[in-house]
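The file entry.csv contains CSV, C-alpha atoms:
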```csv
chain,number,residue,atom,x,y,z
A,18,MET,CA,-18.8,48.8,-2.9
A,19,ASN,CA,-21.1,51.6,-1.7
A,20,GLU,CA,-20.2,54.7,0.3
A,21,LYS,CA,-21.2,53.2,3.6
A,22,GLU,CA,-19.0,50.1,3.1
A,23,ILE,CA,-16.1,52.2,2.0
A,24,LEU,CA,-16.4,54.4,5.2
A,25,GLN,CA,-16.6,51.2,7.3
A,26,VAL,CA,-13.3,49.9,5.8
A,27,GLU,CA,-11.7,53.3,6.2
A,28,ASN,CA,-12.7,53.4,9.9
A,29,HIS,CA,-11.4,49.9,10.3
A,30,LEU,CA,-8.1,50.9,8.8
A,31,LEU,CA,-7.7,54.0,10.9
A,32,GLN,CA,-8.5,52.0,14.1
A,33,ALA,CA,-5.9,49.4,13.1
A,34,ILE,CA,-3.3,52.1,12.5
A,35,LYS,CA,-4.0,53.6,16.0
A,36,GLU,CA,-3.8,50.2,17.7
A,37,LYS,CA,-0.9,49.0,15.5
A,38,ASN,CA,-2.9,45.9,14.8
A,39,ILE,CA,-0.7,44.1,12.4
A,40,SER,CA,-3.1,41.3,11.3
A,41,ILE,CA,-5.8,43.9,10.3
A,42,LEU,CA,-3.2,46.1,8.6
A,43,ASP,CA,-2.0,43.2,6.6
A,44,GLN,CA,-5.5,42.4,5.5
A,45,VAL,CA,-6.7,45.8,4.5
A,46,ILE,CA,-3.5,47.3,2.9
A,47,HIS,CA,-2.8,46.2,-0.6
A,48,ASP,CA,0.5,44.4,-1.2
A,49,HIS,CA,1.7,47.1,-3.7
A,50,MET,CA,0.6,50.1,-1.6
A,51,LEU,CA,3.2,52.8,-1.2
A,52,PHE,CA,3.1,55.3,1.7
A,53,ASN,CA,4.5,58.8,1.4
A,54,GLY,CA,5.9,60.0,4.7
A,55,PRO,CA,5.9,63.7,5.8
A,56,PHE,CA,9.5,64.2,4.8
A,57,GLY,CA,9.1,62.7,1.3
A,58,ASN,CA,10.2,59.2,2.3
A,59,VAL,CA,8.4,56.3,0.5
A,60,LEU,CA,7.6,53.1,2.3
A,61,THR,CA,6.3,49.8,1.0
A,62,LYS,CA,3.6,47.8,2.8
A,63,SER,CA,6.2,45.6,4.4
A,64,MET,CA,8.3,48.6,5.5
A,65,TYR,CA,5.2,50.3,7.0
A,66,ILE,CA,4.1,47.2,8.9
A,67,GLY,CA,7.7,46.7,10.1
A,68,ASN,CA,7.7,50.2,11.5
A,69,CYS,CA,4.4,49.6,13.2
A,70,ILE,CA,5.8,46.4,14.8
A,71,LYS,CA,8.9,48.3,16.1
A,72,LYS,CA,6.7,51.2,17.5
A,73,ARG,CA,4.3,48.8,19.1
A,74,ASN,CA,7.1,46.9,20.8
A,75,THR,CA,8.8,50.0,22.1
A,76,ASN,CA,5.6,51.3,23.7
A,77,ARG,CA,5.1,48.2,25.8
A,78,PRO,CA,5.8,47.9,29.5
A,79,ALA,CA,8.9,45.9,30.5
A,80,GLY,CA,8.2,42.2,30.5
A,81,ASP,CA,5.3,42.3,28.0
A,82,GLN,CA,5.9,39.3,25.8
A,83,ARG,CA,2.9,39.6,23.4
A,84,PRO,CA,3.7,39.0,19.7
```
Mind turning the file's structure into structure tokens?
Amino acid sequence: MNEKEILQVENHLLQAIKEKNISILDQVIHDHMLFNGPFGNVLTKSMYIGNCIKKRNTNRPAGDQRP
């Protein structure tokens, strides 16, 4: 992978994080990835994606039934 391709994947990941796009996050995050939170907490991939789902669902207007 060259630098340009790495930057494209990085930008794709950042956009998915902003949009809480679960399908893209699941594709680009390695299954054994660990996330270190700002307060020292450690999250697995499934914990991180679970948090994204919760946050995405709490930021929707009432009645929005999207998955």
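Closest approach to Thr75 of chain A from the set A:Ile23, A:Phe56, A:Thr61, A:Lys37 is made by A:Lys37, with distances taken over all atoms listed in the file.
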- Have a look at A:Leu42, A:Asn58, A:Asn53, A:Arg73 and name the one nearest to Glu27 of chain A; count only C-alpha atoms. A:Leu42
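For the set A:Leu30, A:Leu24, A:Val59, A:Met18, the residue with the smallest atom-to-atom gap to Asp43 of chain A is A:Leu30, counting all atoms listed in the file.
Distance check against Ile34 of chain A using all atoms listed in the file: of A:His49, A:Gly54, A:Tyr65, A:Glu22, the minimum falls on A:Tyr65.
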- Query: Residues around (4.5, 47.2, 11.1), cut-off 12 Å, counting all atoms listed in the file - what are they as a count of residues only?
  - Reply: 28
